[in-house]
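**Q** Encoded as structure tokens, here's the structure I'll be asking about.
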Number of protein chains: 4
Amino acid sequence: MKASSSPLRSFGSDNHSGVHPKILEALVAINQGHAHSYGEDPLSHQLEKEIQRLMPLAHKTFLVFNGTAANVLALKVALKSHQACLCSEVSHLNLDECAAPERVAGRKLIPRPSHDGKLRPEDLEESIIRRGDQHFAQVRMLSITQPTELGTIYTLEELKDLREFCSRHKLMLHIDGARWANAACFLGVSWEQMLQAADPDLLSLGGTKNGLMGAEALIVFERARELAEDLRYQRKQLLQLPSKTRFLAAQMLAYLRDDLYLEIAHWSLDRAQELEQAISGIEGLHLQYPVQSNALFVQFPKTWTKALRQKYFFYIWDEQQWVARWMTSFDTTSEDIHNFAQELRQQSQKERSL
Amino acid sequence: MKASSSPLRSFGSDNHSGVHPKILEALVAINQGHAHSYGEDPLSHQLEKEIQRLMPLAHKTFLVFNGTAANVLALKVALKSHQACLCSEVSHLNLDECAAPERVAGRKLIPRPSHDGKLRPEDLEESIIRRGDQHFAQVRMLSITQPTELGTIYTLEELKDLREFCSRHKLMLHIDGARWANAACFLGVSWEQMLQAADPDLLSLGGTKNGLMGAEALIVFERARELAEDLRYQRKQLLQLPSKTRFLAAQMLAYLRDDLYLEIAHWSLDRAQELEQAISGIEGLHLQYPVQSNALFVQFPKTWTKALRQKYFFYIWDEQQWVARWMTSFDTTSEDIHNFAQELRQQSQKERSL
Amino acid sequence: MKASSSPLRSFGSDNHSGVHPKILEALVAINQGHAHSYGEDPLSHQLEKEIQRLMPLAHKTFLVFNGTAANVLALKVALKSHQACLCSEVSHLNLDECAAPERVAGRKLIPRPSHDGKLRPEDLEESIIRRGDQHFAQVRMLSITQPTELGTIYTLEELKDLREFCSRHKLMLHIDGARWANAACFLGVSWEQMLQAADPDLLSLGGTKNGLMGAEALIVFERARELAEDLRYQRKQLLQLPSKTRFLAAQMLAYLRDDLYLEIAHWSLDRAQELEQAISGIEGLHLQYPVQSNALFVQFPKTWTKALRQKYFFYIWDEQQWVARWMTSFDTTSEDIHNFAQELRQQSQKERSL
Amino acid sequence: MKASSSPLRSFGSDNHSGVHPKILEALVAINQGHAHSYGEDPLSHQLEKEIQRLMPLAHKTFLVFNGTAANVLALKVALKSHQACLCSEVSHLNLDECAAPERVAGRKLIPRPSHDGKLRPEDLEESIIRRGDQHFAQVRMLSITQPTELGTIYTLEELKDLREFCSRHKLMLHIDGARWANAACFLGVSWEQMLQAADPDLLSLGGTKNGLMGAEALIVFERARELAEDLRYQRKQLLQLPSKTRFLAAQMLAYLRDDLYLEIAHWSLDRAQELEQAISGIEGLHLQYPVQSNALFVQFPKTWTKALRQKYFFYIWDEQQWVARWMTSFDTTSEDIHNFAQELRQQSQKERSL
């Protein structure tokens, strides 16, 4: 089969990259003999232990196919249908899951305005109303994204504040961690330290956007351990029980072992910061948010778009303000960055010379 | 990473095997550069064409993660919530999808008794009642499985009869083809010939049980082409839009090209028939259904179980009658068959000698 | 406004009658002043007590609009979405609720063949399988109808047997009691005695088919008291929280007080038995089930239908066997019975004289 | 049965009143003989015609039990599950239906900030984004409330603007008209004139809050007539098919005939304006919104509450700002208004004298 990838380098998303070589190697290595399916294979059991090594309070790990599924499964299993979930207006849950939280989980989201993608207790407080009123879906969960959809990152202090807010109002806390490793990398802390601060009930741990072929995990922590028994069935019911689980487990294991997750996170964060520096000072470009993860949100003149798109792929995040999202990945090279910045500089100069 | 597979040879399921070497090769080969995600990659487009080569009336192909998802997506997109689907009492839809048809699709199944897993028009006719009665979920679809869950296969004639039944009562026809290639192989016909007989609206085309790592497809045929537009959104909503689609497309392409699907189907069918012959005449064994696919359903004395399970893994399909299901796969060897039959013969002799 | 009722006497259903005069009187009497809505009115509180007088183990009573709603609410609140409910193939749940159990409650029904509408433990036993298997919706409830949809009635002994079956397999027991009072009347026992035998978790207590304008109740018994808190919200969410609840409570109170429920049950049962006697011996008529409630299921020559329908309305229950259902009500008169039997006799004689 | 109403006069809600005498009379009058159930009675057919007299473009009328149900049924039948509905942040749909739009209809709401409860095209425009993007629930409906939940009323001009907005973006338009008659009354126009301006697809027509015992209707207009066939089944499935429909139809007919709806709307609006005048100038009271319907939203010192509540019942709408909602009804008297204003004046004076 011929290589079928796009001829263009892409800053479109970290899922435009393929599979990290070490992860592909792991898949090849374990493809021998027979193994049980549906989570009963030895690799899935090893993964449980590996997760607990990195997150000592993890009670149980459920591999699923994608991040939307991990999030929707969390909502469905943790909330009753008359309970609601607070989330950011710009969250993946609210904007990018095609109403699966509502139709598939059957749960109500209460979206709240964010500050650069982040929620603060003081903004959420006013949503804690009408306790016990049978007409009103009772707020019972907060879902945050770390790093946020805008590439920003909650500090340990901010996580503690949200934890305290949840405890005060008896809310469960879910973290959408599609790029979880990137947050720890930026903060310079371990996963355990982030978890000590946030002390969540549930974590959607991302893999696919970090170099895996396709695997995510929903992790149930000790404080919510009573959900695990139902999750066995609920995962299957939400169409998320993989058949040959050893091939998902192998990816996640390879990612977690030998610090590969750190290596990938560092690399993509370094490239993002490299890009930030490389474009600093280019007239016409306006960075929208601090660069704390592997994404830059940049406003630029719409007229540049055609020329840029001939060599690089990227999405326009906000068509009204003409803001693009540029993402780096484990396979973004310094050369990619250099060339792209060069191209941007040319567009800027061309415009000024008109 | 150490090989993690079970030390035992398994006749438990065709998903206890790993990935067929040619399919793994394909995955390795295409892992380069960037590609669009979410179905917009070149391989996904090639797959559309490849499917149409084998099934000229295919209108659109939607890759999904597993067979349960393909089936549930078919129910959801093709039926309104007040419409019901006829299926066999022993169908995967009815027994093995943990109420996803009901809770996730939100559709009512009307299970009907089958004959060796197969449905006949005369048995379904009595379910076509109360047309226009607002209290009664209106029957609007028939879902059959080819090969059936009991390993039997509808003949072309039987498919034509069911097609005629559906047309007469204005029902849509869905085929669960988790092991679709095996049916064509047994009948000695092409996929196109099976499709000409059944003329279905929707087909769940299996891959994972036939040597893929994990990929299935829901195929919409021309007669139901108006469903395709909604399916784009509904696939995403049912948590089935893969991120790096090129890696699912590559598996399915490798499977369909160079007749690999035929090779795998032949091999596993041959091994099943080899096992049937090898155990023929062993006292105490009772084959339950004709062997037309890669599964044997065999009743045997419960007392043999412990000894057999020390060397081979398999499931007990019916605990009350003590019927086991023994499945072959692309990697089942003649030696496996020989040794297993040998073991069964020893059990039988041991019992007679008591 | 002119009287708008049909000119024909109807044996079609007990909901073709209007409102019992004493119940209408009660509605008129309480229509004064202001009262709280949504269940917080004094009459709703009185009803709680009245229910507890008749059913000492009743924990909480939830008024709803109709029987379908009471049943579906019971399924939804008592089962998790991966748990299933056993019911009779001819149950209202399975046949007459337009897939609301599946789409609205999101729960799987497992319909079982019945004997004259009744289920026996020995027929259910084989459905208790695959405990702990994540692919299989776990059976967790039995729903029976008393009297059954075929007008037959479980004896106290039969109820005890089903209770024992439920306890043995850790199932909840729901009773659809759309015509509950009729069962007690036929058995000659109190409601409390029926409840002592069955010891259900939940009862759908019918009103509308017994002379009310429109009110039913879902009653939660002590053994399931933990469901009551959720039910407050779930009733609202299932669109069943009446606004001016005092007018539903008043109907149910009038029905339960001064033995009106007994009077109505006796009357309609007496008329049904009167009809049974009156048609006994008429050639061509074949009673299908024992007459134990206010319904007769009678097979007769299709050719009689047109003439009969000119004077009386009724439904054909089974179009293939040509079985009609004839129901009596609180306002069916002995004259109605006499005249209808006379008409049937004439049809029979006309046929024989041909 | 003793009168069970609260001893207090209530300004809590227009559903704290009982049934308007003329409507109760109608119920008594039609309680004779037998009639078909489930919408096939003569009164239901008369109601269809009566609705068409007042709203010539009405295609079909579906009686349901309450307003939440009418709204949720509209969402479910008109939208596919991947389509979303714009509504006001303060709408009943969003705040008072206990997540039924999400869990029961399975539809996503996109709540938007309102101006005194009203939405304007310019505020909605920015929600019309990501057309064709499979990750994003596609906006396909606008639901507005007339009068709004804050008692304000869209002018004919404002309705036309929203109609134009919907047409431009191919959105369906649903109106929640729980107190629809009040809006026409305030505007001094006919129902037909309001409908000509808004030209909606669906209208939830309220009854219970306007003097009925309990009945609402979902009206499908010609422009959405293809929804009517499904609605027959979907109403039943959403637990909203009343059994003895003649008693709901009779209420609605009595309400619509002889201009009773006008009389009730005028009366309650007059009392609201009387209250507005009576309290004008009382120090400490702050009216929040223009009084255009039968509700006043008034901020006042929290310290007055206990004394006021000893004689009158009302709800605190906003606990943070201490805003009460005071509603009038068909049975609110000028004496009620006078006495209540007197009480408020005393509280005000008491405070000033401290």
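Chain identifiers are assigned as A, B, and so on, following the order in which chains appear in the structure tokens; residues are numbered from 1 within each chain, and ligands are numbered from 1 in order of appearance.
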Fewer than 3 positions away in the same chain doesn't count, so skip those; otherwise give me all residues within 8 Å of Ala69 (chain B), counting only C-alpha atoms, as a VMD selection string.

**A** (chain A and resid 239) or (chain B and resid 64 to 66 72 to 73 238 240)

**Q** Against chain A, which residues of chain B fall within 6 Å? For each one I want the closest pair of atoms and the distance in Å (one decimal), counting only C-alpha atoms, rows by chain and increasing residue number, as JSON lines.

**A**
{"residue": "B:Ala3", "atom": "CA", "partner": "A:Ile30", "partner_atom": "CA", "distance": 5.1}
{"residue": "B:Ser4", "atom": "CA", "partner": "A:Pro42", "partner_atom": "CA", "distance": 5.7}
{"residue": "B:Ser5", "atom": "CA", "partner": "A:Ala35", "partner_atom": "CA", "distance": 4.6}
{"residue": "B:Ser6", "atom": "CA", "partner": "A:Ala35", "partner_atom": "CA", "distance": 4.8}
{"residue": "B:His16", "atom": "CA", "partner": "A:Ala35", "partner_atom": "CA", "distance": 5.1}
{"residue": "B:Ser17", "atom": "CA", "partner": "A:His34", "partner_atom": "CA", "distance": 4.9}
{"residue": "B:Gly18", "atom": "CA", "partner": "A:Asn31", "partner_atom": "CA", "distance": 5.6}
{"residue": "B:Ile30", "atom": "CA", "partner": "A:Ala3", "partner_atom": "CA", "distance": 5.0}
{"residue": "B:Asn31", "atom": "CA", "partner": "A:Gly18", "partner_atom": "CA", "distance": 5.6}
{"residue": "B:Gly33", "atom": "CA", "partner": "A:Ser5", "partner_atom": "CA", "distance": 5.8}
{"residue": "B:His34", "atom": "CA", "partner": "A:Ser17", "partner_atom": "CA", "distance": 4.9}
{"residue": "B:Ala35", "atom": "CA", "partner": "A:Ser5", "partner_atom": "CA", "distance": 4.6}
{"residue": "B:His36", "atom": "CA", "partner": "A:His16", "partner_atom": "CA", "distance": 5.4}
{"residue": "B:Ser37", "atom": "CA", "partner": "A:His16", "partner_atom": "CA", "distance": 5.9}
{"residue": "B:Pro42", "atom": "CA", "partner": "A:Ser4", "partner_atom": "CA", "distance": 5.7}
{"residue": "B:Leu43", "atom": "CA", "partner": "A:Ser4", "partner_atom": "CA", "distance": 6.0}
{"residue": "B:Ala69", "atom": "CA", "partner": "A:Leu239", "partner_atom": "CA", "distance": 5.4}
{"residue": "B:Cys98", "atom": "CA", "partner": "A:Gln237", "partner_atom": "CA", "distance": 5.3}
{"residue": "B:Ala100", "atom": "CA", "partner": "A:Gln237", "partner_atom": "CA", "distance": 4.8}
{"residue": "B:Val104", "atom": "CA", "partner": "A:Val104", "partner_atom": "CA", "distance": 5.9}
{"residue": "B:Gln237", "atom": "CA", "partner": "A:Ala100", "partner_atom": "CA", "distance": 4.8}
{"residue": "B:Leu239", "atom": "CA", "partner": "A:Ala69", "partner_atom": "CA", "distance": 5.4}

**Q** I need the residue nearest Ser293 (chain C) from this list: C:Phe186, C:Trp180, C:Phe221, C:Trp326. Use only C-alpha atoms for the distance.

**A**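 Of all the options, C:Phe186 lies closest to Ser293 (chain C).
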
**Q** Residues of region 58-274 of chain D in strand (DSSP E or B) according to DSSP, as a ChimeraX atom specification?

**A** /D:58-64,83-88,108-112,115,118,138-145,172-177,202-205,216-221

**Q** Could the residues in this selection be written to a file with C-alpha atoms, as a short mmCIF file (atom, residue, chain, number, x, y, z; two decimals), in the first residue's frame?

**A**
data_model
loop_
_atom_site.label_atom_id
_atom_site.label_comp_id
_atom_site.auth_asym_id
_atom_site.auth_seq_id
_atom_site.Cartn_x
_atom_site.Cartn_y
_atom_site.Cartn_z
CA ALA D 58 -53.25 25.21 12.38
CA HIS D 59 -52.86 21.82 10.78
CA LYS D 60 -53.31 19.50 13.74
CA THR D 61 -53.83 19.76 17.50
CA PHE D 62 -52.43 17.31 20.04
CA LEU D 63 -53.82 17.50 23.56
CA VAL D 64 -51.25 16.75 26.23
CA GLN D 83 -29.72 19.22 15.86
CA ALA D 84 -29.90 21.87 18.56
CA CYS D 85 -32.40 24.46 19.73
CA LEU D 86 -31.65 28.07 20.66
CA CYS D 87 -33.59 29.38 23.64
CA SER D 88 -33.39 32.05 26.27
CA LYS D 108 -29.32 19.92 23.02
CA LEU D 109 -30.41 23.40 24.08
CA ILE D 110 -28.17 26.37 23.41
CA PRO D 111 -29.24 28.97 25.96
CA ARG D 112 -28.67 32.62 25.08
CA HIS D 115 -33.20 41.16 27.39
CA LYS D 118 -36.75 38.38 25.14
CA GLN D 138 -26.40 21.86 14.18
CA VAL D 139 -28.72 24.69 15.22
CA ARG D 140 -32.11 23.96 13.66
CA MET D 141 -34.73 25.51 15.92
CA LEU D 142 -35.47 28.64 17.90
CA SER D 143 -37.83 28.39 20.83
CA ILE D 144 -39.27 31.56 22.30
CA THR D 145 -41.81 32.12 25.05
CA MET D 172 -37.88 25.98 12.79
CA LEU D 173 -39.71 28.27 15.21
CA HIS D 174 -41.42 26.97 18.33
CA ILE D 175 -43.41 29.17 20.68
CA ASP D 176 -44.00 28.23 24.28
CA GLY D 177 -47.38 29.81 24.82
CA LEU D 202 -45.21 24.68 16.48
CA LEU D 203 -47.06 26.27 19.38
CA SER D 204 -47.43 24.96 22.93
CA LEU D 205 -50.84 26.38 23.80
CA GLU D 216 -52.45 21.90 27.09
CA ALA D 217 -52.10 21.45 23.36
CA LEU D 218 -49.24 21.15 20.95
CA ILE D 219 -50.34 22.72 17.68
CA VAL D 220 -48.63 21.89 14.42
CA PHE D 221 -48.99 24.53 11.73
#

**Q** When DSSP is applied to the backbone of this structure, which of region 1-36 of chain D are assigned alpha helix (DSSP H)? Write them out as a ChimeraX atom specification.

**A** /D:21-29

**Q** Keeping all heavy atoms, export the residues of the selection given above as a PDB file, in the first residue's frame.

**A**
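Saved result, again11.pdb, follows:
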ATOM      1  N   PRO D  21     -65.198  28.480  36.823  1.00  0.00           N
ATOM      2  CA  PRO D  21     -66.538  27.865  36.943  1.00  0.00           C
ATOM      3  C   PRO D  21     -67.120  27.403  35.596  1.00  0.00           C
ATOM      4  O   PRO D  21     -67.729  26.338  35.524  1.00  0.00           O
ATOM      5  CB  PRO D  21     -67.377  28.976  37.551  1.00  0.00           C
ATOM      6  CG  PRO D  21     -66.416  29.862  38.267  1.00  0.00           C
ATOM      7  CD  PRO D  21     -65.114  29.765  37.545  1.00  0.00           C
ATOM      8  N   LYS D  22     -66.929  28.172  34.559  1.00  0.00           N
ATOM      9  CA  LYS D  22     -67.507  27.777  33.275  1.00  0.00           C
ATOM     10  C   LYS D  22     -66.848  26.512  32.716  1.00  0.00           C
ATOM     11  O   LYS D  22     -67.462  25.749  31.986  1.00  0.00           O
ATOM     12  CB  LYS D  22     -67.357  28.913  32.262  1.00  0.00           C
ATOM     13  CG  LYS D  22     -68.275  30.095  32.570  1.00  0.00           C
ATOM     14  CD  LYS D  22     -68.265  31.124  31.454  1.00  0.00           C
ATOM     15  CE  LYS D  22     -69.120  32.328  31.850  1.00  0.00           C
ATOM     16  NZ  LYS D  22     -68.926  33.468  30.939  1.00  0.00           N
ATOM     17  N   ILE D  23     -65.601  26.355  33.052  1.00  0.00           N
ATOM     18  CA  ILE D  23     -64.893  25.157  32.563  1.00  0.00           C
ATOM     19  C   ILE D  23     -65.332  23.934  33.357  1.00  0.00           C
ATOM     20  O   ILE D  23     -65.568  22.864  32.797  1.00  0.00           O
ATOM     21  CB  ILE D  23     -63.369  25.399  32.615  1.00  0.00           C
ATOM     22  CG1 ILE D  23     -63.017  26.402  31.500  1.00  0.00           C
ATOM     23  CG2 ILE D  23     -62.582  24.113  32.462  1.00  0.00           C
ATOM     24  CD1 ILE D  23     -61.637  26.971  31.553  1.00  0.00           C
ATOM     25  N   LEU D  24     -65.512  24.134  34.656  1.00  0.00           N
ATOM     26  CA  LEU D  24     -66.013  23.021  35.465  1.00  0.00           C
ATOM     27  C   LEU D  24     -67.423  22.635  35.025  1.00  0.00           C
ATOM     28  O   LEU D  24     -67.757  21.444  34.914  1.00  0.00           O
ATOM     29  CB  LEU D  24     -65.982  23.409  36.949  1.00  0.00           C
ATOM     30  CG  LEU D  24     -66.156  22.274  37.954  1.00  0.00           C
ATOM     31  CD1 LEU D  24     -65.125  21.165  37.740  1.00  0.00           C
ATOM     32  CD2 LEU D  24     -66.063  22.781  39.382  1.00  0.00           C
ATOM     33  N   GLU D  25     -68.219  23.625  34.740  1.00  0.00           N
ATOM     34  CA  GLU D  25     -69.574  23.356  34.222  1.00  0.00           C
ATOM     35  C   GLU D  25     -69.529  22.491  32.963  1.00  0.00           C
ATOM     36  O   GLU D  25     -70.334  21.577  32.795  1.00  0.00           O
ATOM     37  CB  GLU D  25     -70.266  24.677  33.831  1.00  0.00           C
ATOM     38  CG  GLU D  25     -71.107  25.298  34.918  1.00  0.00           C
ATOM     39  CD  GLU D  25     -71.511  26.732  34.531  1.00  0.00           C
ATOM     40  OE1 GLU D  25     -71.827  26.953  33.325  1.00  0.00           O
ATOM     41  OE2 GLU D  25     -71.484  27.610  35.411  1.00  0.00           O
ATOM     42  N   ALA D  26     -68.620  22.841  32.084  1.00  0.00           N
ATOM     43  CA  ALA D  26     -68.514  22.078  30.835  1.00  0.00           C
ATOM     44  C   ALA D  26     -68.165  20.624  31.125  1.00  0.00           C
ATOM     45  O   ALA D  26     -68.715  19.702  30.495  1.00  0.00           O
ATOM     46  CB  ALA D  26     -67.445  22.694  29.928  1.00  0.00           C
ATOM     47  N   LEU D  27     -67.275  20.410  32.090  1.00  0.00           N
ATOM     48  CA  LEU D  27     -66.902  19.030  32.432  1.00  0.00           C
ATOM     49  C   LEU D  27     -68.107  18.263  32.957  1.00  0.00           C
ATOM     50  O   LEU D  27     -68.319  17.093  32.609  1.00  0.00           O
ATOM     51  CB  LEU D  27     -65.779  19.037  33.478  1.00  0.00           C
ATOM     52  CG  LEU D  27     -64.395  19.386  32.941  1.00  0.00           C
ATOM     53  CD1 LEU D  27     -63.392  19.530  34.075  1.00  0.00           C
ATOM     54  CD2 LEU D  27     -63.931  18.300  31.969  1.00  0.00           C
ATOM     55  N   VAL D  28     -68.878  18.922  33.794  1.00  0.00           N
ATOM     56  CA  VAL D  28     -70.068  18.258  34.349  1.00  0.00           C
ATOM     57  C   VAL D  28     -71.064  17.950  33.232  1.00  0.00           C
ATOM     58  O   VAL D  28     -71.631  16.856  33.159  1.00  0.00           O
ATOM     59  CB  VAL D  28     -70.708  19.146  35.444  1.00  0.00           C
ATOM     60  CG1 VAL D  28     -72.039  18.575  35.891  1.00  0.00           C
ATOM     61  CG2 VAL D  28     -69.741  19.306  36.628  1.00  0.00           C
ATOM     62  N   ALA D  29     -71.195  18.907  32.336  1.00  0.00           N
ATOM     63  CA  ALA D  29     -72.209  18.759  31.282  1.00  0.00           C
ATOM     64  C   ALA D  29     -71.924  17.592  30.343  1.00  0.00           C
ATOM     65  O   ALA D  29     -72.857  16.928  29.867  1.00  0.00           O
ATOM     66  CB  ALA D  29     -72.297  20.063  30.478  1.00  0.00           C
TER      67      ALA D  29
END
